[in-house]
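Asker: Structure file coords24.cif, mmCIF, C-alpha atoms, is pasted below:
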data_start
loop_
_atom_site.group_PDB
_atom_site.id
_atom_site.type_symbol
_atom_site.label_atom_id
_atom_site.label_comp_id
_atom_site.auth_asym_id
_atom_site.auth_seq_id
_atom_site.Cartn_x
_atom_site.Cartn_y
_atom_site.Cartn_z
ATOM 1 C CA MET A 81 0.000 0.000 0.000
ATOM 2 C CA ASN A 82 2.846 2.368 0.830
ATOM 3 C CA ARG A 83 4.602 1.398 -2.402
ATOM 4 C CA PHE A 84 1.417 2.106 -4.352
ATOM 5 C CA SER A 85 1.040 5.507 -2.666
ATOM 6 C CA ALA A 86 4.658 6.416 -3.432
ATOM 7 C CA ARG A 87 4.222 5.414 -7.083
ATOM 8 C CA ARG A 88 1.032 7.440 -7.314
ATOM 9 C CA GLN A 89 2.738 10.449 -5.769
ATOM 10 C CA ASN A 90 5.636 10.206 -8.217
ATOM 11 C CA TRP A 91 3.196 9.977 -11.125
ATOM 12 C CA ARG A 92 1.459 13.134 -9.908
ATOM 13 C CA LYS A 93 4.803 14.937 -9.747
ATOM 14 C CA VAL A 94 5.583 13.919 -13.328
ATOM 15 C CA ILE A 95 2.167 15.105 -14.534
ATOM 16 C CA ASN A 96 2.646 18.376 -12.632
ATOM 17 C CA ILE A 97 6.044 18.994 -14.237
ATOM 18 C CA VAL A 98 4.699 18.215 -17.716
ATOM 19 C CA MET A 99 1.692 20.525 -17.347
ATOM 20 C CA LEU A 100 3.821 23.331 -15.906
ATOM 21 C CA SER A 101 6.154 22.940 -18.891
ATOM 22 C CA PHE A 102 3.204 23.215 -21.306
ATOM 23 C CA THR A 103 1.846 26.308 -19.555
ATOM 24 C CA GLY A 104 5.317 27.891 -19.535
ATOM 25 C CA LEU A 105 5.695 27.182 -23.249
ATOM 26 C CA ALA A 106 2.272 28.658 -23.972
ATOM 27 C CA THR A 107 3.180 31.765 -21.969
ATOM 28 C CA LEU A 108 6.407 32.100 -23.907
ATOM 29 C CA LEU A 109 4.523 31.815 -27.216
ATOM 30 C CA VAL A 110 2.182 34.619 -26.146
ATOM 31 C CA VAL A 111 4.901 36.919 -24.814
ATOM 32 C CA THR A 112 7.372 36.432 -27.696
ATOM 33 C CA PRO A 113 5.368 38.391 -30.340
ATOM 34 C CA LEU A 114 4.866 41.207 -27.839
ATOM 35 C CA ILE A 115 8.588 41.423 -27.102
ATOM 36 C CA TRP A 116 9.347 41.219 -30.816
ATOM 37 C CA ILE A 117 6.944 44.064 -31.667
ATOM 38 C CA ILE A 118 8.168 46.293 -28.847
ATOM 39 C CA GLY A 119 11.793 45.633 -29.736
ATOM 40 C CA TYR A 120 11.196 46.427 -33.409
ATOM 41 C CA VAL A 121 9.356 49.673 -32.576
ATOM 42 C CA ILE A 122 12.173 50.701 -30.227
ATOM 43 C CA ARG A 123 14.795 49.983 -32.893
ATOM 44 C CA GLU A 124 12.967 51.971 -35.574
ATOM 45 C CA GLY A 125 11.635 54.809 -33.449
ATOM 46 C CA LEU A 126 14.324 55.558 -30.883
ATOM 47 C CA PRO A 127 16.773 57.298 -33.292
ATOM 48 C CA ALA A 128 14.155 59.953 -34.148
ATOM 49 C CA ILE A 129 13.326 60.837 -30.538
ATOM 50 C CA ASN A 130 14.867 63.903 -28.904
ATOM 51 C CA LEU A 131 13.703 66.832 -26.804
ATOM 52 C CA GLN A 132 12.481 68.807 -29.806
ATOM 53 C CA PHE A 133 10.315 65.868 -30.832
ATOM 54 C CA PHE A 134 8.135 66.476 -27.758
ATOM 55 C CA THR A 135 8.158 70.289 -27.754
ATOM 56 C CA GLU A 136 7.903 71.371 -31.409
ATOM 57 C CA LEU A 137 5.113 71.307 -33.977
ATOM 58 C CA PRO A 138 5.265 69.233 -37.179
ATOM 59 C CA THR A 139 7.286 70.716 -40.017
ATOM 60 C CA PRO A 140 6.242 70.855 -43.690
ATOM 61 C CA VAL A 141 7.394 68.284 -46.220
ATOM 62 C CA GLY A 142 11.090 68.592 -46.942
ATOM 63 C CA VAL A 143 11.895 70.441 -43.712
ATOM 64 C CA SER A 144 13.793 68.352 -41.188
ATOM 65 C CA GLY A 145 13.054 68.398 -37.474
ATOM 66 C CA GLY A 146 9.689 69.061 -35.931
ATOM 67 C CA GLY A 147 7.787 67.151 -33.313
ATOM 68 C CA ILE A 148 4.446 65.950 -32.024
ATOM 69 C CA ALA A 149 3.580 68.538 -29.381
ATOM 70 C CA ASN A 150 0.182 69.182 -30.968
ATOM 71 C CA ALA A 151 -0.630 65.448 -31.068
ATOM 72 C CA LEU A 152 0.298 64.998 -27.411
ATOM 73 C CA VAL A 153 -2.031 67.825 -26.403
ATOM 74 C CA GLY A 154 -4.801 66.562 -28.703
ATOM 75 C CA SER A 155 -4.614 63.017 -27.349
ATOM 76 C CA LEU A 156 -4.687 64.351 -23.800
ATOM 77 C CA MET A 157 -7.794 66.402 -24.593
ATOM 78 C CA THR A 158 -9.770 63.643 -26.312
ATOM 79 C CA VAL A 159 -8.824 60.849 -23.892
ATOM 80 C CA SER A 160 -9.512 63.060 -20.852
ATOM 81 C CA LEU A 161 -12.938 64.036 -22.166
ATOM 82 C CA GLY A 162 -13.780 60.428 -22.949
ATOM 83 C CA LEU A 163 -12.613 59.393 -19.490
ATOM 84 C CA ILE A 164 -14.741 62.035 -17.753
ATOM 85 C CA ILE A 165 -17.819 60.708 -19.554
ATOM 86 C CA ALA A 166 -17.074 56.974 -19.518
ATOM 87 C CA VAL A 167 -15.935 56.425 -15.917
ATOM 88 C CA PRO A 168 -19.115 57.476 -14.051
ATOM 89 C CA VAL A 169 -21.427 55.961 -16.663
ATOM 90 C CA GLY A 170 -19.506 52.693 -16.984
ATOM 91 C CA THR A 171 -18.915 52.284 -13.249
ATOM 92 C CA LEU A 172 -22.535 52.863 -12.241
ATOM 93 C CA ALA A 173 -23.770 50.604 -15.038
ATOM 94 C CA GLY A 174 -21.340 47.886 -13.943
ATOM 95 C CA VAL A 175 -22.505 48.150 -10.332
ATOM 96 C CA TYR A 176 -26.128 47.804 -11.421
ATOM 97 C CA ALA A 177 -25.376 44.827 -13.683
ATOM 98 C CA ALA A 178 -23.567 43.062 -10.817
ATOM 99 C CA THR A 179 -26.130 43.770 -8.096
ATOM 100 C CA HIS A 180 -29.210 43.119 -10.278
ATOM 101 C CA PRO A 181 -28.130 40.285 -12.575
ATOM 102 C CA ASP A 182 -31.615 38.804 -12.931
ATOM 103 C CA GLN A 183 -33.456 42.039 -13.652
ATOM 104 C CA PRO A 184 -34.476 42.679 -17.289
ATOM 105 C CA LEU A 185 -32.474 45.904 -17.353
ATOM 106 C CA GLY A 186 -29.375 44.124 -16.038
ATOM 107 C CA THR A 187 -29.661 41.418 -18.685
ATOM 108 C CA LEU A 188 -30.199 44.025 -21.400
ATOM 109 C CA LEU A 189 -27.237 46.006 -20.111
ATOM 110 C CA ARG A 190 -24.877 43.025 -20.308
ATOM 111 C CA PHE A 191 -26.129 42.098 -23.764
ATOM 112 C CA GLY A 192 -25.772 45.661 -25.033
ATOM 113 C CA THR A 193 -22.284 45.936 -23.560
ATOM 114 C CA ASP A 194 -21.168 42.735 -25.290
ATOM 115 C CA VAL A 195 -22.577 43.940 -28.601
ATOM 116 C CA ILE A 196 -20.982 47.389 -28.365
ATOM 117 C CA SER A 197 -17.598 45.948 -27.398
ATOM 118 C CA GLY A 198 -17.640 43.898 -30.600
ATOM 119 C CA VAL A 199 -18.462 46.828 -32.890
ATOM 120 C CA PRO A 200 -15.419 47.891 -34.978
ATOM 121 C CA SER A 201 -13.966 51.230 -33.933
ATOM 122 C CA ILE A 202 -14.378 52.666 -37.413
ATOM 123 C CA VAL A 203 -18.126 52.081 -37.127
ATOM 124 C CA MET A 204 -18.016 53.994 -33.841
ATOM 125 C CA GLY A 205 -16.284 56.810 -35.692
ATOM 126 C CA ILE A 206 -18.936 56.898 -38.417
ATOM 127 C CA PHE A 207 -21.648 56.938 -35.744
ATOM 128 C CA ALA A 208 -20.010 59.892 -33.943
ATOM 129 C CA TYR A 209 -19.537 61.617 -37.303
ATOM 130 C CA THR A 210 -23.249 61.324 -38.050
ATOM 131 C CA LEU A 211 -24.366 62.192 -34.539
ATOM 132 C CA ILE A 212 -22.032 65.108 -33.748
ATOM 133 C CA VAL A 213 -19.853 66.225 -36.648
ATOM 134 C CA LEU A 214 -22.601 66.611 -39.247
ATOM 135 C CA PRO A 215 -24.900 68.709 -37.005
ATOM 136 C CA GLN A 216 -21.933 70.883 -35.966
ATOM 137 C CA ARG A 217 -20.701 71.065 -39.576
ATOM 138 C CA HIS A 218 -17.066 70.779 -38.498
ATOM 139 C CA PHE A 219 -14.653 68.356 -36.857
ATOM 140 C CA SER A 220 -13.698 68.862 -33.233
ATOM 141 C CA ALA A 221 -11.897 67.454 -30.218
ATOM 142 C CA PHE A 222 -15.302 67.207 -28.549
ATOM 143 C CA SER A 223 -16.538 64.655 -31.076
ATOM 144 C CA GLY A 224 -13.274 62.729 -30.678
ATOM 145 C CA GLY A 225 -13.759 62.583 -26.900
ATOM 146 C CA ILE A 226 -17.339 61.359 -27.320
ATOM 147 C CA VAL A 227 -16.366 58.482 -29.594
ATOM 148 C CA LEU A 228 -13.572 57.467 -27.208
ATOM 149 C CA ALA A 229 -16.120 57.430 -24.390
ATOM 150 C CA PHE A 230 -18.221 54.987 -26.446
ATOM 151 C CA ILE A 231 -15.148 52.778 -26.816
ATOM 152 C CA MET A 232 -14.222 52.958 -23.108
ATOM 153 C CA VAL A 233 -17.648 52.273 -21.614
ATOM 154 C CA PRO A 234 -17.956 48.524 -22.452
ATOM 155 C CA THR A 235 -14.555 47.716 -20.940
ATOM 156 C CA ILE A 236 -15.328 49.670 -17.772
ATOM 157 C CA VAL A 237 -18.789 48.119 -17.418
ATOM 158 C CA ARG A 238 -17.586 44.539 -17.771
ATOM 159 C CA SER A 239 -14.535 44.958 -15.528
ATOM 160 C CA THR A 240 -16.592 46.713 -12.841
ATOM 161 C CA GLU A 241 -19.257 44.018 -12.970
ATOM 162 C CA GLU A 242 -16.711 41.217 -12.586
ATOM 163 C CA MET A 243 -14.924 42.960 -9.717
ATOM 164 C CA ILE A 244 -18.199 43.679 -7.883
ATOM 165 C CA ARG A 245 -19.129 39.991 -8.115
ATOM 166 C CA LEU A 246 -15.888 39.064 -6.358
ATOM 167 C CA VAL A 247 -16.842 41.123 -3.292
ATOM 168 C CA PRO A 248 -18.217 38.847 -0.525
ATOM 169 C CA ASN A 249 -21.989 39.046 -0.294
ATOM 170 C CA SER A 250 -21.688 39.276 3.489
ATOM 171 C CA LEU A 251 -20.499 42.884 3.173
ATOM 172 C CA ARG A 252 -23.648 43.845 1.305
ATOM 173 C CA GLU A 253 -25.903 41.952 3.690
ATOM 174 C CA GLY A 254 -24.204 43.505 6.716
ATOM 175 C CA SER A 255 -24.619 47.025 5.360
ATOM 176 C CA LEU A 256 -28.284 46.438 4.534
ATOM 177 C CA ALA A 257 -28.866 44.894 7.972
ATOM 178 C CA LEU A 258 -27.525 48.067 9.595
ATOM 179 C CA GLY A 259 -30.185 50.091 7.788
ATOM 180 C CA ALA A 260 -28.209 51.515 4.879
ATOM 181 C CA ALA A 261 -30.055 52.063 1.620
ATOM 182 C CA GLU A 262 -29.183 49.806 -1.289
ATOM 183 C CA TRP A 263 -27.691 52.640 -3.364
ATOM 184 C CA LYS A 264 -25.581 53.776 -0.421
ATOM 185 C CA THR A 265 -24.418 50.209 0.189
ATOM 186 C CA SER A 266 -23.336 49.887 -3.430
ATOM 187 C CA LEU A 267 -21.437 53.183 -3.490
ATOM 188 C CA SER A 268 -20.031 53.230 0.060
ATOM 189 C CA VAL A 269 -19.322 49.555 0.770
ATOM 190 C CA ILE A 270 -19.246 47.372 -2.346
ATOM 191 C CA LEU A 271 -17.587 49.753 -4.800
ATOM 192 C CA PRO A 272 -14.667 50.719 -2.470
ATOM 193 C CA ALA A 273 -14.032 47.016 -1.812
ATOM 194 C CA ALA A 274 -13.688 46.400 -5.552
ATOM 195 C CA LEU A 275 -11.897 49.660 -6.351
ATOM 196 C CA ASN A 276 -8.559 48.045 -7.198
ATOM 197 C CA GLY A 277 -10.087 45.981 -9.976
ATOM 198 C CA VAL A 278 -12.206 48.887 -11.180
ATOM 199 C CA ILE A 279 -9.123 51.100 -11.507
ATOM 200 C CA THR A 280 -7.365 48.385 -13.478
ATOM 201 C CA GLY A 281 -10.371 48.174 -15.821
ATOM 202 C CA VAL A 282 -10.319 51.941 -16.311
ATOM 203 C CA MET A 283 -6.634 51.817 -17.208
ATOM 204 C CA LEU A 284 -7.294 49.059 -19.724
ATOM 205 C CA ALA A 285 -10.070 51.150 -21.246
ATOM 206 C CA ILE A 286 -7.726 54.141 -21.554
ATOM 207 C CA ALA A 287 -5.053 51.970 -23.132
ATOM 208 C CA ARG A 288 -7.500 50.707 -25.740
ATOM 209 C CA ALA A 289 -9.041 54.082 -26.545
ATOM 210 C CA ALA A 290 -5.735 55.958 -26.695
ATOM 211 C CA GLY A 291 -4.536 53.832 -29.605
ATOM 212 C CA GLU A 292 -7.616 54.127 -31.830
ATOM 213 C CA ALA A 293 -6.867 55.851 -35.135
ATOM 214 C CA ALA A 294 -9.964 55.083 -37.242
ATOM 215 C CA PRO A 295 -12.474 57.033 -35.104
ATOM 216 C CA MET A 296 -10.183 60.064 -35.118
ATOM 217 C CA LEU A 297 -10.378 60.241 -38.912
ATOM 218 C CA PHE A 298 -14.115 60.956 -38.641
ATOM 219 C CA THR A 299 -14.117 63.149 -35.532
ATOM 220 C CA ALA A 300 -10.954 64.977 -34.424
ATOM 221 C CA PHE A 301 -9.670 64.783 -38.036
ATOM 222 C CA GLY A 302 -6.171 66.180 -37.339
ATOM 223 C CA ASN A 303 -4.581 69.596 -37.089
ATOM 224 C CA PRO A 304 -0.970 70.555 -37.924
ATOM 225 C CA PHE A 305 -1.143 73.442 -35.461
ATOM 226 C CA MET A 306 -1.402 73.625 -31.688
ATOM 227 C CA ASN A 307 -5.018 73.799 -30.532
ATOM 228 C CA THR A 308 -6.620 73.647 -27.081
ATOM 229 C CA ASP A 309 -10.185 74.455 -28.152
ATOM 230 C CA PHE A 310 -12.521 71.470 -27.805
ATOM 231 C CA ASN A 311 -14.681 72.925 -30.567
ATOM 232 C CA GLN A 312 -11.896 72.744 -33.169
ATOM 233 C CA PRO A 313 -10.056 69.848 -34.868
ATOM 234 C CA VAL A 314 -7.008 68.465 -33.076
ATOM 235 C CA SER A 315 -4.238 66.069 -33.953
ATOM 236 C CA THR A 316 -3.855 62.858 -31.940
ATOM 237 C CA LEU A 317 -1.044 60.335 -31.664
ATOM 238 C CA PRO A 318 -2.821 57.474 -33.535
ATOM 239 C CA HIS A 319 -3.926 59.836 -36.315
ATOM 240 C CA MET A 320 -0.395 61.216 -36.673
ATOM 241 C CA ILE A 321 1.014 57.679 -36.875
ATOM 242 C CA PHE A 322 -1.450 56.909 -39.667
ATOM 243 C CA VAL A 323 -0.623 60.070 -41.628
ATOM 244 C CA TYR A 324 3.137 59.681 -41.281
ATOM 245 C CA ALA A 325 3.152 55.932 -41.958
ATOM 246 C CA ILE A 326 1.399 56.182 -45.346
ATOM 247 C CA ALA A 327 3.560 59.108 -46.500
ATOM 248 C CA PRO A 328 6.239 58.424 -49.154
ATOM 249 C CA TYR A 329 8.888 60.355 -47.204
ATOM 250 C CA ASP A 330 11.562 58.609 -45.143
ATOM 251 C CA ASP A 331 11.598 61.385 -42.546
ATOM 252 C CA TRP A 332 7.861 61.075 -41.957
ATOM 253 C CA ARG A 333 8.031 57.283 -41.693
ATOM 254 C CA ALA A 334 10.788 57.620 -39.096
ATOM 255 C CA LYS A 335 8.556 60.007 -37.170
ATOM 256 C CA ALA A 336 5.716 57.484 -37.416
ATOM 257 C CA TRP A 337 7.856 54.850 -35.689
ATOM 258 C CA ALA A 338 8.933 57.386 -33.066
ATOM 259 C CA THR A 339 5.312 58.396 -32.419
ATOM 260 C CA ALA A 340 4.350 54.720 -32.118
ATOM 261 C CA LEU A 341 7.102 54.273 -29.544
ATOM 262 C CA VAL A 342 5.776 57.248 -27.565
ATOM 263 C CA LEU A 343 2.242 55.838 -27.642
ATOM 264 C CA ILE A 344 3.375 52.381 -26.509
ATOM 265 C CA THR A 345 5.407 53.934 -23.699
ATOM 266 C CA LEU A 346 2.461 55.994 -22.492
ATOM 267 C CA VAL A 347 0.201 52.932 -22.447
ATOM 268 C CA LEU A 348 2.868 50.974 -20.554
ATOM 269 C CA LEU A 349 3.243 53.762 -18.005
ATOM 270 C CA LEU A 350 -0.519 53.820 -17.473
ATOM 271 C CA ASN A 351 -0.545 50.106 -16.725
ATOM 272 C CA VAL A 352 2.439 50.406 -14.381
ATOM 273 C CA ALA A 353 0.766 53.319 -12.592
ATOM 274 C CA ALA A 354 -2.394 51.255 -12.153
ATOM 275 C CA ARG A 355 -0.424 48.358 -10.671
ATOM 276 C CA LEU A 356 1.440 50.676 -8.322
ATOM 277 C CA LEU A 357 -1.820 52.266 -7.205
ATOM 278 C CA VAL A 358 -3.341 48.860 -6.498
ATOM 279 C CA TRP A 359 -0.212 47.832 -4.568
ATOM 280 C CA TRP A 360 -0.233 51.076 -2.571
ATOM 281 C CA ARG A 361 -3.912 50.699 -1.652
ATOM 282 C CA GLY A 362 -3.298 47.118 -0.546
ATOM 283 C CA ARG A 363 -0.408 48.199 1.681
ATOM 284 C CA LEU A 364 -2.519 51.031 3.092
ATOM 285 C CA PHE A 365 -5.416 48.740 4.016
ATOM 286 C CA LYS A 366 -3.049 46.249 5.637
ATOM 287 C CA SER A 367 -1.501 48.999 7.759
ATOM 288 C CA LEU A 368 -4.939 50.231 8.836
ATOM 289 C CA LYS A 369 -5.860 46.724 9.986
#
Please render this file's structure as structure tokens.

Answerer:
Amino acid sequence: MNRFSARRQNWRKVINIVMLSFTGLATLLVVTPLIWIIGYVIREGLPAINLQFFTELPTPVGVSGGGIANALVGSLMTVSLGLIIAVPVGTLAGVYAATHPDQPLGTLLRFGTDVISGVPSIVMGIFAYTLIVLPQRHFSAFSGGIVLAFIMVPTIVRSTEEMIRLVPNSLREGSLALGAAEWKTSLSVILPAALNGVITGVMLAIARAAGEAAPMLFTAFGNPFMNTDFNQPVSTLPHMIFVYAIAPYDDWRAKAWATALVLITLVLLLNVAARLLVWWRGRLFKSLK
């Protein structure tokens, strides 16, 4: 019996090693293309990056130098506007979908979120063009922010819903037993408990929206000059990458790679900031306990 148990234990160890090897190989296969892409972008874009690249405006064809200062400001404007609209709407909708999963509105909300998340971004851009640009009769940063909000909302809703479901139901029952209203329980007890995951979902939504070029063609449109007016067209990083990449000029293609490197770095910094914030909140709660 002891010999049989030892043989069975050894067999389990072998199976464990084999499965861990398969999972490690699968992880390597997933990570390798990412490392390859990032390395290639760094190799092509790093030589064109300098201080002037971040502080100067684009130069005309045939003139060396220039930068992407206008695109940095335009991306900040559109993403910030989209974030201001998407975060409260997506978070509240996610809380409702998690706390009322069997209600007709909750079911419709999840279905609508899944459908919207699968809509191509260029279709979102055409929708914003029809809804906002045509009535205004001009392109604007405002329309760009609206279409980015449409893109952000599904990610925020689904991530918030999943994080709310991970919160122990005893917290909700305890708050309701103490006499708190259901809306106050959701906002004061359940949502703070799931805030780490919600913040991560918001960062993922920003990362996705910040790299969308197709909607910007129909909304923000692009602007070679510096502009801080939400009612006027602005240049954004994805739009500038698109314009430079299809140009037949070597200097512009080099700037396209450099702009892509800047965009990837900003997205990476957002994700790192989200992780650090989650880590800091976890340390803070442990110290309070």

Asker: Please report the interatomic distance between CA of Ile286 in chain A and CA of Leu346 in chain A in Å with one decimal.

Answerer: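 These atoms are spaced 10.4 Å apart.
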
Asker: Of the candidates A:Gly170, A:Pro248, A:Pro181, A:Gly146, which one gets nearest to Pro234 in chain A if we count all atoms listed in the file?

Answerer: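 Looking at the shortest contact to Pro234 in chain A, the residue is A:Gly170.
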
Asker: Expand the PyMOL selection byres ((chain A and resi 296) around 8) into the explicit residue set it covers here, and present it as a VMD selection string.

Answerer: chain A and resid 205 224 292 to 295 297 to 302 316 318 to 319

Asker: With C-alpha atoms retained, could you export that selection as a PDB file, in the coordinates of the input?

Answerer:
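What ended up in selection_38.pdb:
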ATOM      1  CA  GLY A 205     -16.284  56.810 -35.692  1.00  0.00           C
ATOM      2  CA  GLY A 224     -13.274  62.729 -30.678  1.00  0.00           C
ATOM      3  CA  GLU A 292      -7.616  54.127 -31.830  1.00  0.00           C
ATOM      4  CA  ALA A 293      -6.867  55.851 -35.135  1.00  0.00           C
ATOM      5  CA  ALA A 294      -9.964  55.083 -37.242  1.00  0.00           C
ATOM      6  CA  PRO A 295     -12.474  57.033 -35.104  1.00  0.00           C
ATOM      7  CA  LEU A 297     -10.378  60.241 -38.912  1.00  0.00           C
ATOM      8  CA  PHE A 298     -14.115  60.956 -38.641  1.00  0.00           C
ATOM      9  CA  THR A 299     -14.117  63.149 -35.532  1.00  0.00           C
ATOM     10  CA  ALA A 300     -10.954  64.977 -34.424  1.00  0.00           C
ATOM     11  CA  PHE A 301      -9.670  64.783 -38.036  1.00  0.00           C
ATOM     12  CA  GLY A 302      -6.171  66.180 -37.339  1.00  0.00           C
ATOM     13  CA  THR A 316      -3.855  62.858 -31.940  1.00  0.00           C
ATOM     14  CA  PRO A 318      -2.821  57.474 -33.535  1.00  0.00           C
ATOM     15  CA  HIS A 319      -3.926  59.836 -36.315  1.00  0.00           C
TER      16      HIS A 319
END

Asker: Go through the shown structure with the PyMOL selection byres ((chain A and resi 279-281) around 8) and write out the matching residues as a ChimeraX atom specification.

Answerer: /A:235-236,239-240,275-278,282-285,351,354-355,358

Asker: For the residues selected in the previous step, produce a file with C-alpha atoms as a short mmCIF file (atom, residue, chain, number, x, y, z; two decimals), in the frame of the given file.

Answerer:
data_model
loop_
_atom_site.label_atom_id
_atom_site.label_comp_id
_atom_site.auth_asym_id
_atom_site.auth_seq_id
_atom_site.Cartn_x
_atom_site.Cartn_y
_atom_site.Cartn_z
CA THR A 235 -14.56 47.72 -20.94
CA ILE A 236 -15.33 49.67 -17.77
CA SER A 239 -14.54 44.96 -15.53
CA THR A 240 -16.59 46.71 -12.84
CA LEU A 275 -11.90 49.66 -6.35
CA ASN A 276 -8.56 48.04 -7.20
CA GLY A 277 -10.09 45.98 -9.98
CA VAL A 278 -12.21 48.89 -11.18
CA VAL A 282 -10.32 51.94 -16.31
CA MET A 283 -6.63 51.82 -17.21
CA LEU A 284 -7.29 49.06 -19.72
CA ALA A 285 -10.07 51.15 -21.25
CA ASN A 351 -0.55 50.11 -16.73
CA ALA A 354 -2.39 51.26 -12.15
CA ARG A 355 -0.42 48.36 -10.67
CA VAL A 358 -3.34 48.86 -6.50
#

Asker: Kindly give the distance, in Å, that separates CA of His218 in chain A and CA of Met320 in chain A, rounded to a single decimal.

Answerer: 19.3 Å

Asker: To one decimal place, how far is CA of Lys264 in chain A from CA of Thr171 in chain A in Å?

Answerer: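 CA of Thr171 in chain A lies at a distance of 14.5 Å from CA of Lys264 in chain A.
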
Asker: Taking (2.5, 56.2, -27.4) in the file's own coordinates, collect the residues within 10 Å, counting only C-alpha atoms, and hand them back as a PDB file with C-alpha atoms, keeping the file's coordinate frame.

Answerer:
ATOM      1  CA  LEU A 152       0.298  64.998 -27.411  1.00  0.00           C
ATOM      2  CA  SER A 155      -4.614  63.017 -27.349  1.00  0.00           C
ATOM      3  CA  ALA A 287      -5.053  51.970 -23.132  1.00  0.00           C
ATOM      4  CA  ALA A 290      -5.735  55.958 -26.695  1.00  0.00           C
ATOM      5  CA  GLY A 291      -4.536  53.832 -29.605  1.00  0.00           C
ATOM      6  CA  LEU A 317      -1.044  60.335 -31.664  1.00  0.00           C
ATOM      7  CA  PRO A 318      -2.821  57.474 -33.535  1.00  0.00           C
ATOM      8  CA  ILE A 321       1.014  57.679 -36.875  1.00  0.00           C
ATOM      9  CA  TRP A 337       7.856  54.850 -35.689  1.00  0.00           C
ATOM     10  CA  ALA A 338       8.933  57.386 -33.066  1.00  0.00           C
ATOM     11  CA  THR A 339       5.312  58.396 -32.419  1.00  0.00           C
ATOM     12  CA  ALA A 340       4.350  54.720 -32.118  1.00  0.00           C
ATOM     13  CA  LEU A 341       7.102  54.273 -29.544  1.00  0.00           C
ATOM     14  CA  VAL A 342       5.776  57.248 -27.565  1.00  0.00           C
ATOM     15  CA  LEU A 343       2.242  55.838 -27.642  1.00  0.00           C
ATOM     16  CA  ILE A 344       3.375  52.381 -26.509  1.00  0.00           C
ATOM     17  CA  THR A 345       5.407  53.934 -23.699  1.00  0.00           C
ATOM     18  CA  LEU A 346       2.461  55.994 -22.492  1.00  0.00           C
ATOM     19  CA  VAL A 347       0.201  52.932 -22.447  1.00  0.00           C
ATOM     20  CA  LEU A 348       2.868  50.974 -20.554  1.00  0.00           C
ATOM     21  CA  LEU A 349       3.243  53.762 -18.005  1.00  0.00           C
TER      22      LEU A 349
END

Asker: Kindly indicate which residue among A:Leu100, A:Ala166, A:Ile118, A:Val237 lies nearest to Leu189 in chain A, using all atoms listed in the file for the distances.

Answerer: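 That would be A:Val237, the residue with the smallest distance to Leu189 in chain A.
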
Asker: Which residue, A:Val121, A:Ala151, A:Ala221, A:Val167, has the smallest gap to Gln312 in chain A when you use all atoms listed in the file?

Answerer: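 Looking at the shortest contact to Gln312 in chain A, the residue is A:Ala221.
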
Asker: Near Ala177 in chain A, counting all atoms listed in the file, which residues have an atom at most 9 Å away, once you skip same-chain residues fewer than 4 positions from it, shown as number ranges by chain?

Answerer: A: 172-173, 181-183, 185-187, 189-190, 237-238, 241

Asker: Exactly which residues make up the result of the PyMOL selection byres ((chain A and resi 165) around 9) on this file, given as a ChimeraX atom specification?

Answerer: /A:160-164,166-170,225-226,229-230,233

Asker: Counting only C-alpha atoms, which residue out of A:Ile231, A:Ile326, A:Ala273, A:Asn96 sits closest to Gly198 in chain A?

Answerer: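 Of all the options, A:Ile231 lies closest to Gly198 in chain A.
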